[in-house]
Amino acid sequence: MGEANALRERGSFLQALIVGDEALLGFAEDKDLLGMAETYAARFISLKHLYLDSQEKAWALLAHHAAQAGVALAKESHQPEALAVPLMNLGKSYELLGEYNQASDVYAQAVESQQLHPAEFHNRPAVLLDMQIHQAGAEALSGDSTAVDRIVDLLEQLAKTDEPDYNKDAWLSGGYMKVAFLLWKTDQVKAEEFLNKARNIIEANSNLKLRKKQLAQLEAKMNT
């Protein structure tokens with residue numbers, strides 16, 4: 001799925017979906033359920049970004065169904081280590097739809113799955129921390145006033161991990177942007193501080209093209 005991921009990062013979502021569908025057919029012929037689940041994970045991300053770009057709810061609904069399919073395929077494989085990432089995507093899809101309580105519950109399942117049955121490829125502290133940050137973010141959006149402090153603590157832990165630059169920068173900048181958004185109406189000074197942290201990371205890493213666009217969208221939203 002490397003080609004699809006590269007296309008998506010360049011903003012070529014249609015081509016990413018086409019390449020993903022071609023890979024899906026190959027995995028299906030080989031009866032490779034895990035490969036099919038990974039393809040739906042990539043499909044979810046492309047559909048998610050189409051929604052974020054357009055704010056058309058239809059894309060969010062399609063992303064949600066792609067995430068559900070990824071979870072179903074992972075469960076059908078009967079390999080518990082295959083489940084954490086699809087559950088994470090399902091949580092993100094509920095968050096896209098504004099169903100924050102449901103998102104929080106599914107993120108909690110993803111965290112538990114990652115703790116108990118981590119896939120070898122994803123068995124790293126930063127992966128679990130990113131999942132926990134998303135869970136706390138959904139809890140904050142559900143009205144938990146203590147969740148922002150937990151996000152900040154988790155981000156401090158994430159910053160100390162030995163994780164590849166692209167992943168670490170993407171996850172940290174996304175977390176800082178989340179904190180900035182959550183604080184904007186109650187503490188604009190602190191919100192701006194976290195927004196600047198995100199901006200510094202994004203400007204220093206030219207590979208974060210999608211995150212740069214999301215930063216501009218967030219700045220526009222916060223300034224309205």
# chains A, B, ... in the order shown; residues from 1 in each chain; ligands from 1
call {"tool": "residues_around", "arguments": {"residues": "A:Arg43", "least_positions_apart": "5", "cutoff": "9 Å", "atoms": "only C-alpha atoms", "output": "PyMOL selection string"}}
result
chain A and resi 4+16-17+20-21+38+48+63+66-67
call {"tool": "write_last_selection", "arguments": {"atoms": "N, CA and C atoms", "output": "PDB file, in the first residue's frame"}}
result
ATOM      1  N   ALA A   4      -0.178   3.858  -2.688  1.00  0.00           N
ATOM      2  CA  ALA A   4      -1.420   4.557  -2.350  1.00  0.00           C
ATOM      3  C   ALA A   4      -1.175   5.601  -1.269  1.00  0.00           C
ATOM      4  N   ALA A  16      -5.117   7.354  -5.342  1.00  0.00           N
ATOM      5  CA  ALA A  16      -4.869   6.502  -4.180  1.00  0.00           C
ATOM      6  C   ALA A  16      -5.971   5.455  -4.029  1.00  0.00           C
ATOM      7  N   LEU A  17      -7.225   5.864  -4.255  1.00  0.00           N
ATOM      8  CA  LEU A  17      -8.348   4.924  -4.161  1.00  0.00           C
ATOM      9  C   LEU A  17      -8.258   3.869  -5.268  1.00  0.00           C
ATOM     10  N   GLY A  20      -5.550   1.460  -4.441  1.00  0.00           N
ATOM     11  CA  GLY A  20      -6.021   0.616  -3.350  1.00  0.00           C
ATOM     12  C   GLY A  20      -6.971  -0.469  -3.822  1.00  0.00           C
ATOM     13  N   ASP A  21      -7.873  -0.124  -4.737  1.00  0.00           N
ATOM     14  CA  ASP A  21      -8.808  -1.121  -5.262  1.00  0.00           C
ATOM     15  C   ASP A  21      -8.076  -2.213  -6.039  1.00  0.00           C
ATOM     16  N   GLU A  38      -5.998  -4.007   5.581  1.00  0.00           N
ATOM     17  CA  GLU A  38      -5.065  -2.881   5.445  1.00  0.00           C
ATOM     18  C   GLU A  38      -5.476  -1.975   4.285  1.00  0.00           C
ATOM     19  N   LYS A  48     -11.469   9.998   4.389  1.00  0.00           N
ATOM     20  CA  LYS A  48     -11.462  10.979   5.484  1.00  0.00           C
ATOM     21  C   LYS A  48     -10.943  12.326   4.997  1.00  0.00           C
ATOM     22  N   ALA A  63     -16.318   7.019   4.563  1.00  0.00           N
ATOM     23  CA  ALA A  63     -15.145   6.704   5.378  1.00  0.00           C
ATOM     24  C   ALA A  63     -15.535   5.806   6.546  1.00  0.00           C
ATOM     25  N   ALA A  66     -15.995   2.295   5.312  1.00  0.00           N
ATOM     26  CA  ALA A  66     -14.691   1.685   5.026  1.00  0.00           C
ATOM     27  C   ALA A  66     -14.029   1.229   6.321  1.00  0.00           C
ATOM     28  N   ALA A  67     -14.133   2.042   7.368  1.00  0.00           N
ATOM     29  CA  ALA A  67     -13.564   1.669   8.663  1.00  0.00           C
ATOM     30  C   ALA A  67     -14.273   0.450   9.242  1.00  0.00           C
TER      31      ALA A  67
END
call {"tool": "residues_around", "arguments": {"residues": "A:Val85", "least_positions_apart": "2", "cutoff": "12 Å", "atoms": "only C-alpha atoms", "output": "PyMOL selection string"}}
result
chain A and resi 34+37-42+44-45+67-68+70-71+73-75+80-83+87-92+106-115+117-119+121-123+127-128+130-131
call {"tool": "write_last_selection", "arguments": {"atoms": "N, CA and C atoms", "output": "short mmCIF file (atom, residue, chain, number, x, y, z; two decimals), in the first residue's frame"}}
result
data_model
loop_
_atom_site.label_atom_id
_atom_site.label_comp_id
_atom_site.auth_asym_id
_atom_site.auth_seq_id
_atom_site.Cartn_x
_atom_site.Cartn_y
_atom_site.Cartn_z
N LEU A 34 -5.97 -10.05 5.96
CA LEU A 34 -5.23 -8.95 6.58
C LEU A 34 -4.86 -7.89 5.55
N ALA A 37 -7.90 -5.95 4.90
CA ALA A 37 -8.17 -5.03 6.01
C ALA A 37 -7.27 -3.80 5.92
N GLU A 38 -6.00 -4.01 5.58
CA GLU A 38 -5.07 -2.88 5.44
C GLU A 38 -5.48 -1.97 4.29
N THR A 39 -5.99 -2.58 3.22
CA THR A 39 -6.46 -1.79 2.08
C THR A 39 -7.62 -0.90 2.49
N TYR A 40 -8.51 -1.44 3.29
CA TYR A 40 -9.64 -0.63 3.74
C TYR A 40 -9.20 0.45 4.74
N ALA A 41 -8.12 0.17 5.47
CA ALA A 41 -7.57 1.22 6.34
C ALA A 41 -7.08 2.39 5.49
N ALA A 42 -6.35 2.08 4.40
CA ALA A 42 -5.87 3.13 3.50
C ALA A 42 -7.03 3.85 2.83
N PHE A 44 -10.04 4.22 4.05
CA PHE A 44 -10.65 5.10 5.05
C PHE A 44 -9.92 6.44 5.11
N ILE A 45 -8.58 6.39 5.12
CA ILE A 45 -7.81 7.64 5.26
C ILE A 45 -8.04 8.56 4.06
N ALA A 67 -14.13 2.04 7.37
CA ALA A 67 -13.56 1.67 8.66
C ALA A 67 -14.27 0.45 9.24
N GLN A 68 -15.60 0.42 9.11
CA GLN A 68 -16.35 -0.75 9.58
C GLN A 68 -15.92 -2.01 8.84
N GLY A 70 -13.00 -2.58 7.49
CA GLY A 70 -11.68 -2.95 7.97
C GLY A 70 -11.73 -3.74 9.26
N VAL A 71 -12.60 -3.31 10.19
CA VAL A 71 -12.75 -4.03 11.46
C VAL A 71 -13.32 -5.42 11.22
N LEU A 73 -13.15 -7.30 8.53
CA LEU A 73 -12.15 -8.16 7.90
C LEU A 73 -11.09 -8.60 8.90
N ALA A 74 -10.67 -7.69 9.77
CA ALA A 74 -9.68 -8.05 10.79
C ALA A 74 -10.24 -9.11 11.74
N LYS A 75 -11.50 -8.95 12.13
CA LYS A 75 -12.12 -9.96 13.00
C LYS A 75 -12.24 -11.30 12.29
N PRO A 80 -5.99 -11.69 16.55
CA PRO A 80 -6.28 -10.53 17.41
C PRO A 80 -5.31 -9.37 17.22
N GLU A 81 -4.09 -9.65 16.78
CA GLU A 81 -3.13 -8.57 16.59
C GLU A 81 -3.47 -7.70 15.38
N ALA A 82 -4.44 -8.13 14.59
CA ALA A 82 -4.83 -7.36 13.40
C ALA A 82 -5.87 -6.29 13.70
N LEU A 83 -6.36 -6.23 14.94
CA LEU A 83 -7.58 -5.46 15.21
C LEU A 83 -7.35 -4.03 15.67
N LEU A 87 -9.68 -0.71 14.52
CA LEU A 87 -10.52 -0.10 15.55
C LEU A 87 -10.19 1.39 15.70
N MET A 88 -8.92 1.71 15.60
CA MET A 88 -8.51 3.12 15.67
C MET A 88 -9.19 3.92 14.55
N ASN A 89 -9.18 3.37 13.34
CA ASN A 89 -9.83 4.06 12.22
C ASN A 89 -11.33 4.19 12.43
N LEU A 90 -11.93 3.16 13.01
CA LEU A 90 -13.37 3.23 13.28
C LEU A 90 -13.67 4.34 14.28
N GLY A 91 -12.81 4.47 15.31
CA GLY A 91 -12.98 5.56 16.25
C GLY A 91 -12.88 6.91 15.57
N LYS A 92 -11.91 7.05 14.67
CA LYS A 92 -11.76 8.31 13.93
C LYS A 92 -12.99 8.60 13.08
N VAL A 106 -14.78 3.32 21.17
CA VAL A 106 -14.05 2.51 20.19
C VAL A 106 -12.54 2.74 20.32
N TYR A 107 -12.13 3.99 20.58
CA TYR A 107 -10.71 4.25 20.83
C TYR A 107 -10.23 3.43 22.03
N ALA A 108 -11.06 3.34 23.07
CA ALA A 108 -10.69 2.55 24.25
C ALA A 108 -10.46 1.09 23.88
N GLN A 109 -11.31 0.58 22.97
CA GLN A 109 -11.13 -0.80 22.50
C GLN A 109 -9.82 -0.94 21.72
N ALA A 110 -9.49 0.08 20.92
CA ALA A 110 -8.24 0.05 20.16
C ALA A 110 -7.05 0.05 21.10
N VAL A 111 -7.10 0.90 22.13
CA VAL A 111 -6.01 0.97 23.11
C VAL A 111 -5.84 -0.38 23.80
N GLU A 112 -6.95 -0.99 24.23
CA GLU A 112 -6.87 -2.28 24.90
C GLU A 112 -6.29 -3.35 23.96
N SER A 113 -6.74 -3.33 22.71
CA SER A 113 -6.23 -4.30 21.75
C SER A 113 -4.74 -4.12 21.51
N GLN A 114 -4.31 -2.86 21.42
CA GLN A 114 -2.88 -2.57 21.22
C GLN A 114 -2.05 -3.02 22.42
N GLN A 115 -2.60 -2.87 23.62
CA GLN A 115 -1.88 -3.27 24.83
C GLN A 115 -1.79 -4.80 24.96
N HIS A 117 -2.64 -7.23 22.37
CA HIS A 117 -2.28 -7.98 21.16
C HIS A 117 -1.68 -7.07 20.10
N PRO A 118 -0.55 -6.44 20.37
CA PRO A 118 0.02 -5.53 19.37
C PRO A 118 0.56 -6.29 18.16
N ALA A 119 0.29 -5.77 16.98
CA ALA A 119 0.90 -6.34 15.78
C ALA A 119 2.39 -6.03 15.80
N PHE A 121 4.46 -5.10 13.56
CA PHE A 121 4.84 -3.89 12.83
C PHE A 121 4.49 -2.62 13.61
N HIS A 122 3.44 -2.70 14.44
CA HIS A 122 2.96 -1.51 15.16
C HIS A 122 3.29 -1.55 16.65
N ASN A 123 4.15 -2.47 17.05
CA ASN A 123 4.43 -2.66 18.48
C ASN A 123 5.50 -1.66 18.95
N VAL A 127 2.93 4.38 18.97
CA VAL A 127 1.65 3.97 18.39
C VAL A 127 0.58 3.96 19.48
N LEU A 128 0.91 3.37 20.62
CA LEU A 128 -0.06 3.34 21.73
C LEU A 128 -0.36 4.75 22.23
N ASP A 130 -0.29 7.53 20.56
CA ASP A 130 -1.16 8.21 19.59
C ASP A 130 -2.60 7.77 19.76
N MET A 131 -2.81 6.48 19.99
CA MET A 131 -4.17 5.98 20.23
C MET A 131 -4.77 6.60 21.49
#
call {"tool": "residues_around", "arguments": {"residues": "A:Ile201", "least_positions_apart": "6", "cutoff": "9 Å", "atoms": "only C-alpha atoms", "output": "compact mmCIF listing (two decimals) with N, CA and C atoms, in the first residue's frame"}}
result
# COMPACT_ATOMS: atom_id res chain seq x y z
N ASP A 169 6.29 13.50 13.78
CA ASP A 169 5.91 14.87 13.47
C ASP A 169 4.42 14.98 13.14
N ALA A 170 3.90 13.99 12.41
CA ALA A 170 2.48 14.01 12.07
C ALA A 170 1.61 13.87 13.32
N LEU A 172 2.51 14.38 16.58
CA LEU A 172 2.68 15.49 17.50
C LEU A 172 1.95 16.74 17.01
N SER A 173 2.13 17.08 15.74
CA SER A 173 1.47 18.27 15.22
C SER A 173 -0.04 18.14 15.28
N LEU A 208 4.95 16.92 5.35
CA LEU A 208 3.63 17.00 6.01
C LEU A 208 2.69 17.90 5.21
call {"tool": "residues_around", "arguments": {"residues": "A:Glu139", "least_positions_apart": "4", "cutoff": "10 Å", "atoms": "only C-alpha atoms", "output": "list of chain:residue names"}}
result
A:Tyr100, A:Asn101, A:Gln102, A:Ala103, A:Ser104, A:Asp105, A:Tyr107, A:Ile133, A:His134, A:Gln135, A:Gly143, A:Asp144, A:Ser145, A:Thr146, A:Ala147, A:Val148
call {"tool": "write_last_selection", "arguments": {"atoms": "N, CA and C atoms", "output": "compact mmCIF listing (two decimals), in the first residue's frame"}}
result
# COMPACT_ATOMS: atom_id res chain seq x y z
N TYR A 100 -18.99 11.62 19.49
CA TYR A 100 -17.78 11.59 20.30
C TYR A 100 -17.81 10.52 21.39
N ASN A 101 -18.95 10.25 21.98
CA ASN A 101 -19.03 9.19 22.98
C ASN A 101 -18.71 7.83 22.36
N GLN A 102 -19.28 7.59 21.17
CA GLN A 102 -19.02 6.34 20.48
C GLN A 102 -17.54 6.26 20.07
N ALA A 103 -16.99 7.39 19.61
CA ALA A 103 -15.58 7.43 19.24
C ALA A 103 -14.70 7.07 20.43
N SER A 104 -15.01 7.66 21.59
CA SER A 104 -14.23 7.38 22.80
C SER A 104 -14.26 5.91 23.16
N ASP A 105 -15.44 5.29 23.07
CA ASP A 105 -15.57 3.88 23.40
C ASP A 105 -14.74 3.00 22.45
N TYR A 107 -12.13 3.99 20.58
CA TYR A 107 -10.71 4.25 20.83
C TYR A 107 -10.23 3.43 22.03
N ILE A 133 -3.97 9.45 22.84
CA ILE A 133 -4.24 10.87 22.58
C ILE A 133 -5.58 11.03 21.88
N HIS A 134 -5.86 10.17 20.90
CA HIS A 134 -7.16 10.24 20.22
C HIS A 134 -8.30 9.93 21.18
N GLN A 135 -8.10 8.95 22.06
CA GLN A 135 -9.14 8.62 23.02
C GLN A 135 -9.42 9.81 23.94
N GLY A 143 -17.06 16.36 26.59
CA GLY A 143 -17.34 17.19 27.76
C GLY A 143 -16.49 16.91 28.98
N ASP A 144 -15.50 16.03 28.88
CA ASP A 144 -14.62 15.72 30.01
C ASP A 144 -13.60 16.85 30.16
N SER A 145 -13.74 17.66 31.20
CA SER A 145 -12.88 18.83 31.38
C SER A 145 -11.46 18.46 31.79
N THR A 146 -11.23 17.22 32.20
CA THR A 146 -9.89 16.79 32.62
C THR A 146 -9.07 16.22 31.46
N ALA A 147 -9.70 16.03 30.31
CA ALA A 147 -9.05 15.29 29.23
C ALA A 147 -7.91 16.07 28.57
N VAL A 148 -8.03 17.40 28.52
CA VAL A 148 -6.99 18.19 27.85
C VAL A 148 -5.65 18.00 28.56
call {"tool": "closest_residue", "arguments": {"among": "A:Lys57, A:His65, A:Lys190, A:Arg10", "to": "A:Tyr176", "atoms": "only C-alpha atoms"}}
result
A:Lys190
